[in-house]
Amino acid sequence: MNITQAGLNKKIRINGIKLSNELVQINLLNGSQAQDFRALFFRLLAQNQINIPFILVTGMGEKIQGSCCVAAEDANRVEKLVAMEPELRENIEILPAVGALTLFPHYSNLKLLGLFFYLLGEAHLPLYGMASSISSLTFITDYPQLDNAVSTLLEYVDLPPNHAPFRPEIHVIQQKR
Amino acid sequence: MDTIAVYWEPRPKTYGFSEVKNLSLMNIEIKPGKMTQWGLWFLELTDLDVGFHLVLAKYSNHQELRLYILLEKIWADEMLSYIGKRIDLESGKNFKLTSPVELISFQGPHFGDRYGIADAAFKALDDQGIPILIAACSGTAVYIVLPEKKLHEARALLAEAFSIP
């Protein structure tokens with residue numbers, strides 16, 4: 001079966017593609033007491049005012065219980081915080097240089113998901129995580145490959161005439177005074 | 001040039017909670033090298049007009065990508081019928097269905113840009129022993145999938161942690 005036989009005879013109309021700045025992915029491995037360990041990690045980052053723009057958690061006994069992304073500029077701070085907590089230190093792995101590609105809208109159907117899975121597989125691009133939000137689908141892949149992923153994608157999707165894939169120019173940071 | 005905006009609230013605001021019961025959670029193993037095949041199958045499935053509430057994919061260990069699809073039970077039956085013709089559902093290794101499950105989701109101003117949102121949500125539930133099946137925070141929204149009959153209690157706890165204007 002090829003992509004045309006699978007029902008994709010014309011480009012999919014979407015409203016936008018957004019790319020993140022460089023991120024690092026942190027995988028939380030299952031320790032002996034999974035829940036306490038996850039809670040400790042999120043509490044530490046909150047106490048130190050580190051934003052986590054993308055989070056996946058599963059509580060179904062998997063070896064990797066959670067994955068999340070933080071801005072690359074926050075990576076050193078996270079590593080230092082983790083290093084101070086022996087239980088965390090042993091149960092964390094960090095993937096450098098990942099990025100998020102967000103497509104919208106998904107219309108709650110599997111078409112965009114199917115297309116992107118197909119394209120990632122064909123292009124041998126890694127997928128480190130993915131989640132839907134209200135109207136968007138966000139995929140985590142290698143940061144240096146984001147532009148390649150977009151080029152591949154644009155062969156199969158139509159954007160509005162006045163829209164191009166964009167990176168956020170305004171960076172919002174919350175700080176407690 | 002930096003522009004600094006000051007915004008602080010003792011309890012994060014949300015725009016309200018959305019709750020859905022009687023859902024099915026599909027959990028599919030995507031084996032290495034099978035991403036293309038699954039992509040084609042999902043494209044084919046769009047003919048069925050299957051609508052999801054949440055999709056999430058993450059590695060469960062270092063080799064195994066797991067895709068979770070949360071959908072109405074009626075669509076789960078349709079998908080099962082379709083997928084069952086293509087993979088071995090009986091072994092239970094590469095496919096799991098948890099049903100019924102419940103979903104609570106909420107969003108708030110700049111949730112994706114602010115620290116502490118996930119901590120506040122997970123703490124509210126963890127402290128009272130509410131199990132989380134899966135959760136995702138992406139964009140400005142938080143999605144938490146719960147076992148059956150946990151939604152009411154979870155909502156009350158989250159409503160203490162977050163304020164609704």
# chains A, B, ... in the order shown; residues from 1 in each chain; ligands from 1
$ select_by_dssp --residues "chain A" --states "helix (DSSP H, G or I)" --output "ChimeraX atom specification"
/A:34-47,72-83,86-90,111-123,143-154
$ residues_around --residues "Pro12 in chain B" --least-positions-apart "4" --cutoff "10 Å" --atoms "only C-alpha atoms" --output "mmCIF file with N, CA and C atoms, in the first residue's frame"
data_model
loop_
_atom_site.group_PDB
_atom_site.id
_atom_site.type_symbol
_atom_site.label_atom_id
_atom_site.label_comp_id
_atom_site.auth_asym_id
_atom_site.auth_seq_id
_atom_site.Cartn_x
_atom_site.Cartn_y
_atom_site.Cartn_z
ATOM 1 N N TRP B 8 1.261 37.788 38.021
ATOM 2 C CA TRP B 8 1.413 36.836 39.126
ATOM 3 C C TRP B 8 0.048 36.511 39.699
ATOM 4 N N GLY B 108 -5.346 27.402 30.370
ATOM 5 C CA GLY B 108 -5.269 28.684 31.053
ATOM 6 C C GLY B 108 -4.337 29.617 30.322
ATOM 7 N N PRO B 109 -4.293 30.872 30.756
ATOM 8 C CA PRO B 109 -3.485 31.869 30.045
ATOM 9 C C PRO B 109 -1.994 31.538 30.106
ATOM 10 N N PHE B 111 -0.323 28.935 29.726
ATOM 11 C CA PHE B 111 0.085 27.726 30.448
ATOM 12 C C PHE B 111 1.391 27.150 29.885
ATOM 13 N N ARG B 114 4.568 28.990 31.375
ATOM 14 C CA ARG B 114 4.685 29.263 32.811
ATOM 15 C C ARG B 114 5.125 28.029 33.573
ATOM 16 N N GLY B 116 5.408 25.541 36.858
ATOM 17 C CA GLY B 116 4.595 25.159 38.010
ATOM 18 C C GLY B 116 3.196 24.665 37.708
ATOM 19 N N ILE B 117 2.765 24.724 36.460
ATOM 20 C CA ILE B 117 1.391 24.296 36.144
ATOM 21 C C ILE B 117 1.253 22.778 36.331
ATOM 22 N N ALA B 120 1.440 21.759 39.986
ATOM 23 C CA ALA B 120 0.196 22.030 40.716
ATOM 24 C C ALA B 120 -0.865 20.965 40.411
ATOM 25 N N ALA B 161 -6.765 23.541 43.435
ATOM 26 C CA ALA B 161 -5.412 23.944 43.022
ATOM 27 C C ALA B 161 -5.426 25.071 41.995
ATOM 28 N N PHE B 162 -6.491 25.145 41.224
ATOM 29 C CA PHE B 162 -6.599 26.162 40.163
ATOM 30 C C PHE B 162 -7.868 26.976 40.393
ATOM 31 N N SER B 163 -7.809 28.228 40.045
ATOM 32 C CA SER B 163 -9.014 29.038 40.237
ATOM 33 C C SER B 163 -9.756 29.188 38.911
ATOM 34 N N ILE B 164 -11.078 29.223 39.038
ATOM 35 C CA ILE B 164 -11.917 29.424 37.850
ATOM 36 C C ILE B 164 -12.571 30.787 37.988
#
$ residues_around --residues "Gln145 in chain A" --least-positions-apart "2" --cutoff "12 Å" --atoms "only C-alpha atoms" --output "compact mmCIF listing (two decimals) with N, CA and C atoms, in the first residue's frame"
# COMPACT_ATOMS: atom_id res chain seq x y z
N LEU A 19 7.36 26.01 14.78
CA LEU A 19 8.56 25.30 15.20
C LEU A 19 9.05 25.90 16.51
N GLU A 22 15.34 25.56 20.29
CA GLU A 22 15.99 24.30 20.70
C GLU A 22 15.56 23.92 22.13
N ALA A 97 19.32 18.68 22.14
CA ALA A 97 19.02 19.16 20.78
C ALA A 97 17.80 18.50 20.15
N VAL A 98 16.68 18.62 20.83
CA VAL A 98 15.42 18.21 20.21
C VAL A 98 14.59 19.47 19.93
N GLY A 99 13.59 19.31 19.11
CA GLY A 99 12.73 20.45 18.79
C GLY A 99 11.30 19.98 18.59
N ALA A 100 10.38 20.91 18.70
CA ALA A 100 8.95 20.58 18.56
C ALA A 100 8.43 21.17 17.26
N LEU A 101 7.69 20.35 16.56
CA LEU A 101 7.00 20.79 15.33
C LEU A 101 5.50 20.66 15.61
N LEU A 120 7.71 10.64 8.75
CA LEU A 120 8.85 10.39 9.64
C LEU A 120 9.49 9.05 9.33
N ALA A 123 11.34 9.21 5.97
CA ALA A 123 12.55 10.04 6.01
C ALA A 123 13.53 9.58 7.09
N HIS A 124 13.18 8.51 7.80
CA HIS A 124 14.02 7.99 8.91
C HIS A 124 14.33 9.07 9.93
N LEU A 125 13.34 9.89 10.20
CA LEU A 125 13.48 10.90 11.25
C LEU A 125 12.97 10.32 12.57
N PRO A 126 13.66 10.61 13.66
CA PRO A 126 13.21 10.04 14.93
C PRO A 126 11.98 10.76 15.47
N LEU A 127 11.16 10.04 16.21
CA LEU A 127 10.06 10.65 16.95
C LEU A 127 10.31 10.35 18.42
N ILE A 140 7.93 15.76 18.65
CA ILE A 140 9.30 16.06 19.08
C ILE A 140 10.26 15.23 18.24
N THR A 141 11.19 15.91 17.59
CA THR A 141 12.20 15.21 16.79
C THR A 141 13.54 15.93 16.97
N ASP A 142 14.53 15.54 16.18
CA ASP A 142 15.85 16.18 16.30
C ASP A 142 15.76 17.65 15.89
N TYR A 143 16.32 18.52 16.71
CA TYR A 143 16.25 19.95 16.39
C TYR A 143 16.89 20.29 15.04
N ASP A 147 13.81 21.65 10.00
CA ASP A 147 13.55 22.25 8.68
C ASP A 147 13.36 21.17 7.62
N ASN A 148 14.11 20.08 7.73
CA ASN A 148 13.92 18.96 6.80
C ASN A 148 12.51 18.38 6.94
N ALA A 149 12.09 18.25 8.19
CA ALA A 149 10.76 17.69 8.44
C ALA A 149 9.69 18.58 7.81
N VAL A 150 9.86 19.90 7.93
CA VAL A 150 8.89 20.83 7.35
C VAL A 150 8.89 20.73 5.82
N SER A 151 10.08 20.68 5.24
CA SER A 151 10.16 20.59 3.76
C SER A 151 9.42 19.35 3.27
N THR A 152 9.64 18.23 3.95
CA THR A 152 8.96 16.99 3.56
C THR A 152 7.45 17.15 3.71
$ interface_residues --of "chain A" --to "chain B" --cutoff "8 Å" --atoms "only C-alpha atoms" --output "PDB file with C-alpha atoms, in the first residue's frame"
ATOM      1  CA  MET A   1       0.000   0.000   0.000  1.00  0.00           C
ATOM      2  CA  ASN A   2       1.277   3.493  -0.798  1.00  0.00           C
ATOM      3  CA  ILE A   3       0.091   6.874   0.406  1.00  0.00           C
ATOM      4  CA  ALA A   6      -4.233   4.856   1.735  1.00  0.00           C
ATOM      5  CA  GLY A   7      -6.556   7.645   0.652  1.00  0.00           C
ATOM      6  CA  LEU A   8      -4.309  10.693   0.408  1.00  0.00           C
ATOM      7  CA  GLN A  35       5.037   8.478  41.961  1.00  0.00           C
ATOM      8  CA  ALA A  39       6.474  14.456  42.041  1.00  0.00           C
ATOM      9  CA  PHE A  42       8.163  18.463  38.877  1.00  0.00           C
ATOM     10  CA  ARG A  43       8.329  20.143  42.284  1.00  0.00           C
ATOM     11  CA  LEU A  45      11.527  22.499  38.486  1.00  0.00           C
ATOM     12  CA  ALA A  46       8.576  24.530  39.733  1.00  0.00           C
ATOM     13  CA  GLN A  47      10.501  25.729  42.786  1.00  0.00           C
ATOM     14  CA  GLN A  49      11.002  28.574  38.079  1.00  0.00           C
ATOM     15  CA  ILE A  50      11.828  26.334  35.147  1.00  0.00           C
ATOM     16  CA  ASN A  51       9.065  26.069  32.585  1.00  0.00           C
ATOM     17  CA  ILE A  52       8.242  22.706  30.978  1.00  0.00           C
ATOM     18  CA  PRO A  53       6.447  23.462  27.723  1.00  0.00           C
ATOM     19  CA  PHE A  54       5.803  19.836  26.782  1.00  0.00           C
ATOM     20  CA  ILE A  55       5.026  16.919  29.110  1.00  0.00           C
ATOM     21  CA  LEU A  56       3.976  13.312  28.611  1.00  0.00           C
ATOM     22  CA  VAL A  57       3.247  11.076  31.577  1.00  0.00           C
ATOM     23  CA  THR A  58       2.076   7.498  31.696  1.00  0.00           C
ATOM     24  CA  GLY A  59       1.171   5.696  34.872  1.00  0.00           C
ATOM     25  CA  MET A  60       0.937   2.255  33.381  1.00  0.00           C
ATOM     26  CA  GLU A  62       6.383   1.516  31.831  1.00  0.00           C
ATOM     27  CA  LYS A  63      10.161   1.787  32.154  1.00  0.00           C
ATOM     28  CA  ILE A  64      10.030   5.396  30.986  1.00  0.00           C
ATOM     29  CA  GLN A  65       7.219   6.911  33.051  1.00  0.00           C
ATOM     30  CA  SER A  67       9.089  12.579  29.068  1.00  0.00           C
ATOM     31  CA  SER A 108      -9.682  15.461  15.998  1.00  0.00           C
ATOM     32  CA  ASN A 109      -9.114  12.964  13.224  1.00  0.00           C
ATOM     33  CA  LEU A 110      -6.164  10.725  12.521  1.00  0.00           C
ATOM     34  CA  LYS A 111      -5.262  12.100   9.102  1.00  0.00           C
ATOM     35  CA  LEU A 112      -2.464  14.465  10.133  1.00  0.00           C
ATOM     36  CA  LEU A 113      -1.128  11.951  12.633  1.00  0.00           C
ATOM     37  CA  GLY A 114      -1.083   9.256   9.957  1.00  0.00           C
ATOM     38  CA  LEU A 115       0.598  11.539   7.448  1.00  0.00           C
ATOM     39  CA  PHE A 116       3.311  12.618   9.848  1.00  0.00           C
ATOM     40  CA  PHE A 117       3.985   9.062  11.029  1.00  0.00           C
ATOM     41  CA  TYR A 118       4.280   8.044   7.386  1.00  0.00           C
ATOM     42  CA  LEU A 119       6.667  10.896   6.566  1.00  0.00           C
ATOM     43  CA  LEU A 120       8.849  10.393   9.644  1.00  0.00           C
ATOM     44  CA  GLY A 121       9.140   6.717   8.810  1.00  0.00           C
ATOM     45  CA  GLU A 122       9.969   7.368   5.171  1.00  0.00           C
ATOM     46  CA  TYR A 128      10.785  11.189  20.654  1.00  0.00           C
ATOM     47  CA  GLY A 129       7.290  12.185  21.705  1.00  0.00           C
ATOM     48  CA  MET A 130       3.969  13.470  20.422  1.00  0.00           C
ATOM     49  CA  ALA A 131       0.778  14.861  21.903  1.00  0.00           C
ATOM     50  CA  SER A 132      -2.372  16.579  20.806  1.00  0.00           C
ATOM     51  CA  SER A 133      -3.661  19.740  22.377  1.00  0.00           C
ATOM     52  CA  ILE A 134      -6.920  21.602  21.832  1.00  0.00           C
ATOM     53  CA  THR A 138       3.050  18.503  18.469  1.00  0.00           C
ATOM     54  CA  VAL A 172       7.550  34.634  27.444  1.00  0.00           C
ATOM     55  CA  ILE A 173       9.317  33.889  30.715  1.00  0.00           C
ATOM     56  CA  GLN A 174       7.515  33.870  34.022  1.00  0.00           C
ATOM     57  CA  LYS A 176       8.458  35.471  40.596  1.00  0.00           C
TER      58      LYS A 176
END
$ select_by_dssp --residues "range 26-154 of chain B" --states "strand (DSSP E)" --output "count of residues only"
46
$ residues_around --residues "Leu80 in chain B" --least-positions-apart "5" --cutoff "10 Å" --atoms "only C-alpha atoms" --output "JSON, numbers by chain"
{"B": [26, 75, 85, 86, 89, 95, 97]}
$ write_last_selection --atoms "N, CA and C atoms" --output "PDB file, in the first residue's frame"
ATOM      1  N   MET B  26      -6.785   3.361  23.866  1.00  0.00           N
ATOM      2  CA  MET B  26      -6.028   2.355  23.110  1.00  0.00           C
ATOM      3  C   MET B  26      -4.550   2.630  23.302  1.00  0.00           C
ATOM      4  N   TRP B  75     -16.048   4.389  18.733  1.00  0.00           N
ATOM      5  CA  TRP B  75     -14.953   4.452  17.758  1.00  0.00           C
ATOM      6  C   TRP B  75     -13.885   3.425  18.069  1.00  0.00           C
ATOM      7  N   LYS B  85      -7.499  -6.737  11.935  1.00  0.00           N
ATOM      8  CA  LYS B  85      -7.223  -7.429  10.663  1.00  0.00           C
ATOM      9  C   LYS B  85      -5.761  -7.282  10.252  1.00  0.00           C
ATOM     10  N   ARG B  86      -5.037  -6.424  10.964  1.00  0.00           N
ATOM     11  CA  ARG B  86      -3.665  -6.129  10.542  1.00  0.00           C
ATOM     12  C   ARG B  86      -2.608  -6.551  11.546  1.00  0.00           C
ATOM     13  N   LEU B  89      -3.994  -9.019  17.854  1.00  0.00           N
ATOM     14  CA  LEU B  89      -4.472  -8.393  19.094  1.00  0.00           C
ATOM     15  C   LEU B  89      -4.461  -9.377  20.249  1.00  0.00           C
ATOM     16  N   PHE B  95      -0.769  -4.395  21.857  1.00  0.00           N
ATOM     17  CA  PHE B  95      -2.015  -3.652  21.864  1.00  0.00           C
ATOM     18  C   PHE B  95      -2.742  -3.861  23.196  1.00  0.00           C
ATOM     19  N   LEU B  97      -6.250  -2.299  25.484  1.00  0.00           N
ATOM     20  CA  LEU B  97      -7.410  -1.414  25.513  1.00  0.00           C
ATOM     21  C   LEU B  97      -7.861  -1.285  26.962  1.00  0.00           C
TER      22      LEU B  97
END
$ residues_around --residues "Ile14 in chain A" --least-positions-apart "4" --cutoff "7 Å" --atoms "only C-alpha atoms" --output "number ranges by chain"
A: 104-105, 157-159
$ write_last_selection --atoms "C-alpha atoms" --output "short mmCIF file (atom, residue, chain, number, x, y, z; two decimals), in the first residue's frame"
data_model
loop_
_atom_site.label_atom_id
_atom_site.label_comp_id
_atom_site.auth_asym_id
_atom_site.auth_seq_id
_atom_site.Cartn_x
_atom_site.Cartn_y
_atom_site.Cartn_z
CA PHE A 104 -2.80 22.89 13.48
CA PRO A 105 -5.65 22.19 13.35
CA VAL A 157 -0.03 19.88 3.15
CA ASP A 158 -1.39 23.21 1.94
CA LEU A 159 -0.95 26.30 4.08
#
$ atom_distance --atom1 "CA of Glu19 in chain B" --atom2 "CA of Ile104 in chain B"
4.6 Å
$ atom_distance --atom1 "CA of Asn27 in chain A" --atom2 "CA of Ala124 in chain B"
22.2 Å
$ atom_distance --atom1 "CA of Tyr15 in chain B" --atom2 "CA of Ala159 in chain B"
11.3 Å
$ closest_residue --among "A:Lys18, A:Arg167, A:Lys80, A:Arg89" --to "Asn48 in chain A" --atoms "only C-alpha atoms"
A:Lys80
